[in-house]
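J.: This is data34.txt, which holds compact mmCIF, C-alpha atoms:
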```
# COMPACT_ATOMS: atom_id res chain seq x y z
CA MET A 239 -7.40 -18.33 12.69
CA GLN A 240 -4.76 -18.17 9.93
CA ILE A 241 -6.14 -14.82 8.84
CA LEU A 242 -6.16 -13.47 12.39
CA ILE A 243 -2.54 -14.53 12.98
CA ALA A 244 -1.47 -12.96 9.67
CA ALA A 245 -3.17 -9.71 10.69
CA VAL A 246 -1.37 -9.69 14.06
CA ILE A 247 1.98 -10.37 12.34
CA GLY A 248 1.23 -7.53 9.90
CA LEU A 249 0.46 -5.31 12.87
CA ILE A 250 3.87 -6.10 14.40
CA PHE A 251 5.55 -5.38 11.05
CA GLY A 252 3.67 -2.07 10.74
CA ALA A 253 4.57 -1.11 14.30
CA GLY A 254 8.24 -1.74 13.46
CA ILE A 255 8.01 0.46 10.35
CA THR A 256 6.24 3.17 12.36
CA LEU A 257 8.63 3.19 15.35
CA GLY A 258 11.73 2.70 13.21
CA GLY A 259 11.00 5.78 11.10
CA MET A 260 10.65 4.04 7.73
CA ILE A 261 7.11 5.44 7.61
CA ASN A 262 8.56 8.96 7.22
CA PRO A 263 9.84 9.75 3.68
CA ALA A 264 11.92 12.69 4.94
CA LYS A 265 13.82 10.36 7.31
CA VAL A 266 14.36 7.75 4.58
CA LEU A 267 15.66 10.38 2.15
CA ASN A 268 17.97 11.81 4.83
CA PHE A 269 19.44 8.35 5.40
CA PHE A 270 20.58 8.34 1.78
CA ASP A 271 21.73 11.97 1.86
CA ILE A 272 25.21 11.35 3.23
CA ALA A 273 26.48 14.49 1.51
CA GLY A 274 23.74 16.60 3.12
CA THR A 275 21.34 16.22 6.07
CA TRP A 276 22.45 12.66 6.88
CA ASP A 277 20.36 10.72 9.43
CA PRO A 278 21.93 7.26 9.99
CA SER A 279 18.88 5.92 11.90
CA LEU A 280 17.74 3.53 9.18
CA ALA A 281 21.01 1.61 9.38
CA PHE A 282 19.86 0.68 12.89
CA VAL A 283 16.48 -0.47 11.54
CA MET A 284 18.13 -2.64 8.91
CA GLY A 285 20.83 -3.91 11.29
CA SER A 286 18.53 -5.11 14.03
CA ALA A 287 15.97 -6.48 11.55
CA LEU A 288 18.73 -8.57 9.95
CA ILE A 289 20.06 -9.89 13.27
CA VAL A 290 16.58 -10.91 14.48
CA THR A 291 15.52 -12.42 11.14
CA ALA A 292 18.75 -14.32 10.47
CA THR A 293 18.71 -15.80 14.00
CA GLY A 294 14.96 -16.46 14.04
CA TYR A 295 14.84 -18.12 10.61
CA ARG A 296 17.49 -20.61 11.67
CA LEU A 297 15.51 -21.53 14.78
CA VAL A 298 12.23 -21.80 12.82
CA TRP A 299 13.78 -24.00 10.12
CA LYS A 300 14.69 -26.60 12.74
CA ARG A 301 11.00 -27.45 12.76
CA PRO A 302 9.79 -29.77 9.96
CA ALA A 303 7.07 -27.38 8.72
CA PRO A 304 5.32 -24.10 9.48
CA VAL A 305 2.23 -24.19 11.71
CA PHE A 306 -0.38 -23.66 8.98
CA GLU A 307 1.28 -25.12 5.87
CA ALA A 308 2.84 -28.38 4.71
CA LYS A 309 6.21 -26.80 3.99
CA PHE A 310 8.29 -23.63 4.06
CA GLN A 311 8.09 -21.68 0.79
CA VAL A 312 11.49 -20.11 0.32
CA PRO A 313 12.74 -18.81 -3.07
CA THR A 314 15.32 -21.15 -4.58
CA ARG A 315 16.54 -19.21 -7.63
CA LYS A 316 20.26 -18.48 -7.78
CA ASP A 317 20.62 -17.01 -11.29
CA ILE A 318 21.45 -13.33 -11.65
CA ASP A 319 19.37 -12.01 -14.56
CA PRO A 320 18.96 -8.51 -16.04
CA ALA A 321 15.40 -8.29 -14.64
CA LEU A 322 16.71 -8.65 -11.08
CA LEU A 323 19.43 -6.01 -11.34
CA GLY A 324 17.58 -3.68 -13.73
CA GLY A 325 14.44 -3.88 -11.62
CA ALA A 326 16.41 -3.21 -8.43
CA ALA A 327 18.18 -0.22 -10.02
CA LEU A 328 14.82 1.15 -11.19
CA PHE A 329 13.26 0.61 -7.76
CA GLY A 330 16.07 2.67 -6.24
CA VAL A 331 15.40 5.57 -8.59
CA GLY A 332 11.74 5.64 -7.53
CA TRP A 333 12.64 5.23 -3.84
CA GLY A 334 15.11 8.09 -4.11
CA ILE A 335 12.53 10.34 -5.76
CA ALA A 336 9.61 9.59 -3.43
CA GLY A 337 11.21 8.44 -0.16
CA PHE A 338 8.65 5.63 0.07
CA CYS A 339 9.43 1.94 -0.38
CA PRO A 340 6.50 -0.53 -0.46
CA GLY A 341 6.97 -1.58 3.19
CA GLY A 342 7.15 2.04 4.32
CA ALA A 343 4.22 3.26 2.23
CA ILE A 344 1.64 0.65 3.28
CA PRO A 345 1.69 1.49 7.02
CA ALA A 346 1.78 5.20 6.05
CA LEU A 347 -1.77 4.73 4.72
CA GLY A 348 -2.79 4.39 8.37
CA LEU A 349 -1.63 7.97 8.96
CA PHE A 350 -4.28 9.07 6.44
CA GLU A 351 -1.81 11.29 4.65
CA PRO A 352 -2.97 12.00 1.07
CA GLN A 353 0.61 11.70 -0.21
CA ALA A 354 0.79 8.08 0.96
CA PHE A 355 -2.39 7.25 -0.97
CA LEU A 356 -1.05 9.00 -4.07
CA PHE A 357 2.19 7.01 -3.89
CA VAL A 358 0.56 3.64 -3.16
CA GLY A 359 -2.00 4.14 -5.95
CA SER A 360 0.70 4.80 -8.54
CA MET A 361 2.91 2.02 -7.17
CA LEU A 362 0.03 -0.46 -7.60
CA ALA A 363 -0.47 0.83 -11.16
CA GLY A 364 3.24 0.25 -11.86
CA LEU A 365 3.14 -3.23 -10.33
CA TYR A 366 0.08 -4.16 -12.36
CA LEU A 367 1.54 -2.70 -15.56
CA ALA A 368 4.79 -4.67 -15.22
CA LYS A 369 3.00 -7.86 -14.17
CA THR A 370 0.71 -7.65 -17.22
CA LEU A 371 3.51 -6.72 -19.65
CA ARG A 372 5.73 -9.58 -18.52
CA LYS A 373 2.91 -12.13 -18.85
CA SER A 374 2.11 -11.22 -22.47
CA MET B 54 16.64 17.68 9.19
CA THR B 55 15.29 14.62 10.97
CA GLU B 56 16.33 13.59 14.46
CA PHE B 57 18.80 10.68 14.83
CA THR B 58 16.81 7.96 16.65
CA PRO B 59 19.10 4.93 17.17
CA LEU B 60 17.11 3.29 20.00
CA LEU B 61 13.68 3.75 18.45
CA SER B 62 15.01 2.60 15.07
CA MET B 63 16.67 -0.47 16.59
CA THR B 64 13.39 -1.33 18.32
CA GLY B 65 11.50 -0.86 15.05
CA GLY B 66 13.97 -3.05 13.18
CA ALA B 67 13.67 -5.79 15.82
CA LEU B 68 9.86 -5.74 15.43
CA ILE B 69 10.18 -5.98 11.62
CA GLY B 70 12.51 -8.96 12.06
CA PHE B 71 10.20 -10.54 14.64
CA ALA B 72 7.28 -10.23 12.18
CA ALA B 73 9.36 -11.83 9.40
CA VAL B 74 10.25 -14.76 11.71
CA LEU B 75 6.63 -15.23 12.83
CA LEU B 76 5.34 -15.24 9.24
CA MET B 77 7.89 -17.95 8.41
CA ALA B 78 6.97 -19.94 11.53
CA PHE B 79 3.19 -19.80 10.99
CA HIS B 80 2.66 -19.41 7.23
CA GLY B 81 6.05 -20.56 5.91
CA ARG B 82 6.36 -17.42 3.79
CA ILE B 83 8.84 -14.61 3.15
CA ALA B 84 7.61 -11.25 4.51
CA GLY B 85 7.93 -9.35 1.22
CA ILE B 86 5.52 -6.46 0.88
CA SER B 87 5.75 -6.10 -2.92
CA GLY B 88 5.08 -9.83 -3.35
CA MET B 89 2.02 -9.64 -1.08
CA LEU B 90 0.70 -6.61 -3.01
CA GLN B 91 1.22 -8.35 -6.33
CA GLY B 92 -0.91 -11.30 -5.20
CA LEU B 93 -3.76 -8.86 -4.56
CA LEU B 94 -3.72 -7.56 -8.15
CA PRO B 95 -5.40 -9.49 -10.99
CA PRO B 96 -4.94 -12.35 -11.67
CA PHE B 97 -5.39 -12.76 -7.92
CA ALA B 98 -3.27 -15.23 -5.96
CA LYS B 99 -5.29 -18.15 -4.60
CA ASP B 100 -3.93 -17.50 -1.10
CA TRP B 101 -4.89 -13.82 -1.05
CA GLY B 102 -6.40 -14.04 2.44
CA TRP B 103 -3.26 -13.96 4.57
CA ARG B 104 -1.70 -11.33 2.29
CA ALA B 105 -4.66 -8.98 2.70
CA ALA B 106 -4.75 -9.65 6.46
CA PHE B 107 -1.01 -8.92 6.86
CA LEU B 108 -1.25 -5.67 4.90
CA GLY B 109 -4.42 -4.67 6.77
CA GLY B 110 -2.60 -5.24 10.06
CA ALA B 111 0.34 -3.15 8.84
CA ILE B 112 -1.99 -0.25 7.93
CA ALA B 113 -3.73 -0.55 11.31
CA ALA B 114 -0.43 -0.28 13.22
CA PRO B 115 -0.04 3.52 13.32
CA VAL B 116 -3.79 3.87 14.02
CA LEU B 117 -3.57 1.51 16.98
CA ILE B 118 -0.36 3.08 18.30
CA ALA B 119 -1.99 6.52 18.18
CA ALA B 120 -5.18 5.23 19.85
CA LEU B 121 -3.31 3.48 22.68
CA THR B 122 -0.51 5.95 23.37
CA GLY B 123 -1.47 9.17 21.60
CA TRP B 124 1.92 9.06 19.82
CA ARG B 125 2.01 9.83 16.13
CA PRO B 126 5.26 9.42 14.18
CA GLU B 127 6.83 12.33 12.38
CA PHE B 128 5.72 12.34 8.74
CA VAL B 129 7.07 14.70 6.09
CA ALA B 130 6.90 13.86 2.37
CA PRO B 131 9.05 16.52 0.69
CA THR B 132 8.44 15.26 -2.87
CA PRO B 133 5.81 17.20 -4.90
CA ASN B 134 2.70 15.25 -5.93
CA LEU B 135 3.55 14.84 -9.61
CA TRP B 136 6.93 13.35 -8.67
CA LEU B 137 5.32 11.13 -6.04
CA VAL B 138 3.19 9.65 -8.83
CA ILE B 139 6.23 9.20 -11.09
CA GLY B 140 8.23 7.72 -8.21
CA GLY B 141 5.37 5.36 -7.36
CA LEU B 142 5.11 4.09 -10.92
CA ILE B 143 8.88 3.52 -11.09
CA VAL B 144 8.89 1.70 -7.73
CA GLY B 145 5.98 -0.50 -8.84
CA VAL B 146 7.62 -1.51 -12.12
CA GLY B 147 11.06 -1.88 -10.49
CA VAL B 148 10.02 -4.18 -7.64
CA GLN B 149 7.97 -6.33 -10.01
CA PHE B 150 10.99 -6.93 -12.25
CA ALA B 151 13.29 -7.35 -9.24
CA SER B 152 10.82 -9.78 -7.56
CA GLY B 153 11.17 -7.97 -4.25
CA CYS B 154 11.89 -4.79 -2.34
CA THR B 155 13.45 -3.67 0.97
CA SER B 156 11.50 -6.24 3.00
CA GLY B 157 11.65 -9.30 0.73
CA HIS B 158 15.21 -8.86 -0.58
CA GLY B 159 16.68 -6.50 2.02
CA VAL B 160 15.52 -8.15 5.25
CA CYS B 161 14.33 -11.68 4.45
CA GLY B 162 16.60 -12.48 1.49
CA MET B 163 19.79 -11.12 3.03
CA SER B 164 19.00 -13.04 6.23
CA ARG B 165 18.90 -16.23 4.13
CA LEU B 166 22.21 -15.20 2.51
CA SER B 167 20.49 -15.40 -0.89
CA ILE B 168 22.93 -14.21 -3.55
CA ARG B 169 20.09 -12.73 -5.64
CA SER B 170 18.78 -10.76 -2.67
CA ILE B 171 22.22 -9.50 -1.64
CA LEU B 172 22.95 -8.25 -5.17
CA ALA B 173 19.46 -6.75 -5.52
CA THR B 174 19.80 -4.94 -2.18
CA LEU B 175 23.26 -3.56 -2.99
CA THR B 176 21.91 -2.40 -6.37
CA PHE B 177 18.84 -0.59 -5.07
CA MET B 178 20.63 0.95 -2.08
CA PHE B 179 23.27 2.32 -4.48
CA SER B 180 20.77 3.59 -7.01
CA THR B 181 18.64 5.22 -4.29
CA GLY B 182 21.74 6.98 -2.97
CA VAL B 183 22.69 8.21 -6.44
CA THR B 184 19.13 9.41 -7.08
CA VAL B 185 18.96 11.35 -3.79
CA TYR B 186 22.36 12.90 -4.55
CA VAL B 187 21.27 13.95 -8.05
CA VAL B 188 17.92 15.33 -6.86
CA ARG B 189 19.30 17.24 -3.87
CA HIS B 190 22.82 18.26 -4.83
CA ILE B 191 22.83 18.49 -8.63
CA LEU B 192 19.26 19.53 -9.42
CA GLY B 193 18.94 21.57 -6.21
CA GLY B 194 16.18 19.53 -4.53
CA PHE B 195 12.39 19.64 -4.72
```
What is this structure when it is put down as structure tokens?
T.:
Amino acid sequence: MQILIAAVIGLIFGAGITLGGMINPAKVLNFFDIAGTWDPSLAFVMGSALIVTATGYRLVWKRPAPVFEAKFQVPTRKDIDPALLGGAALFGVGWGIAGFCPGGAIPALGLFEPQAFLFVGSMLAGLYLAKTLRKS
Amino acid sequence: MTEFTPLLSMTGGALIGFAAVLLMAFHGRIAGISGMLQGLLPPFAKDWGWRAAFLGGAIAAPVLIAALTGWRPEFVAPTPNLWLVIGGLIVGVGVQFASGCTSGHGVCGMSRLSIRSILATLTFMFSTGVTVYVVRHILGGF
């Protein structure tokens, strides 16, 4: 049941990425190209996602616990370390080169476009590399 | 050029937010794609089941939309393959160090008013913008 619900929630997320245009690297890159072929659409994706999430979280947190777990697992860290900012800056460089972020690239696999597979494969390699390096 | 799609994009954003709220309500977790992916790489997270199911559902979304409505979203990836691989590696390393990406920090973290997520999001939005400017307007584009 938990697995089925997670799959349905993933489906809703993927539908949002697909309809919103985040699945299309050209649209993502145009959002950032203010000096060129600017397409402001993704500000609308981010804006409405934030309104719904911020409102919904507050309603959900009035309950004592989530349906399937004993408690909500929300990150508690408040420190600003070089890994956070350096990692974020690096992520932006890759996003600006490829036009894919992780949440855009995963649903793009369902379009069966070879470029999405190429990107996701190398992203997983990068994730694994960094995870392994930081552990040792 | 891509078409400006405010209504479709607002609808998409609302669905992304709805999914984030549902995942919190049912599983008590942040809907961060890079975090879910990381749990599916060795050493595997103990709770890999819901992560795999969520990602599987996300991949199935465009397939299901096409099957039900016949609509397929526009998809153009202008970056050449070698640079897609380089970009992918950089994104993978970057989100691992940053502990999150557009979904985890950008949507979920900013909604919680997390200071780490707000700073991370400002940083990657800025660096993406600079990168696109350099690629397209200084180097002349791909």
J.: Find the residues near Ala105 (chain B): any atom within 9 Å, counting all atoms listed in the file, skip ones fewer than 3 places away on the same chain, and give them as a list in words.
T.: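 The residues that qualify are Ile241, Ala244 and Ala245 of chain A; Met89, Leu90, Leu93, Trp101, Gly102, Leu108, Gly109 and Gly110 of chain B.
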J.: In Å, rounded to a single decimal, give me how far CA of Ile112 (chain B) is from CA of Met54 (chain B).
T.: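 Separating CA of Met54 (chain B) from CA of Ile112 (chain B) is a distance of 25.9 Å.
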J.: Do a neighbour search on Gly157 (chain B) at 8 Å with all atoms listed in the file, toss out local chain neighbours closer than 5 positions, and write the hits as a list of chain:residue names.
T.: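 So the residues in contact are B:Ile83, B:Ala84, B:Gly85, B:Ile86, B:Ser87, B:Gly88, B:Gly162.
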J.: One decimal, Å: what's the distance from CA of Thr64 (chain B) over to CA of Ala119 (chain B), could you say?
T.: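 According to the coordinates, CA of Thr64 (chain B) and CA of Ala119 (chain B) are separated by 17.3 Å.
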J.: Quick one: residues within 12 Å of Ala72 (chain B), all atoms listed in the file counted, chain neighbours fewer than 4 positions away excluded, as a count of residues only?
T.: 38
J.: Tell me, in Å to one decimal, how far CA of Lys265 (chain A) is from CA of Leu280 (chain A).
T.: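 We find that CA of Lys265 (chain A) and CA of Leu280 (chain A) lie 8.1 Å from each other.
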J.: Taking 6 positions as the minimum chain separation for residues in the same chain, which residues sit within 7 Å of Ala173 (chain B) when counting only C-alpha atoms? Answer as a list of chain:residue names.
T.: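 My list of contacting residues is A:Leu322, A:Leu323, A:Ala326, B:His158.
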J.: Go through B:Gly194, B:Ala151, B:Pro133, B:Phe179 and flag the residue nearest chain A, using all atoms listed in the file for the distances.
T.: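 Looking only at the distances to chain A, the closest residue turns out to be B:Ala151.
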J.: Which one is closest to Ser170 (chain B): A:Ile272, A:Ile318, A:Ile261, A:Ala281? Count only C-alpha atoms.
T.: A:Ile318
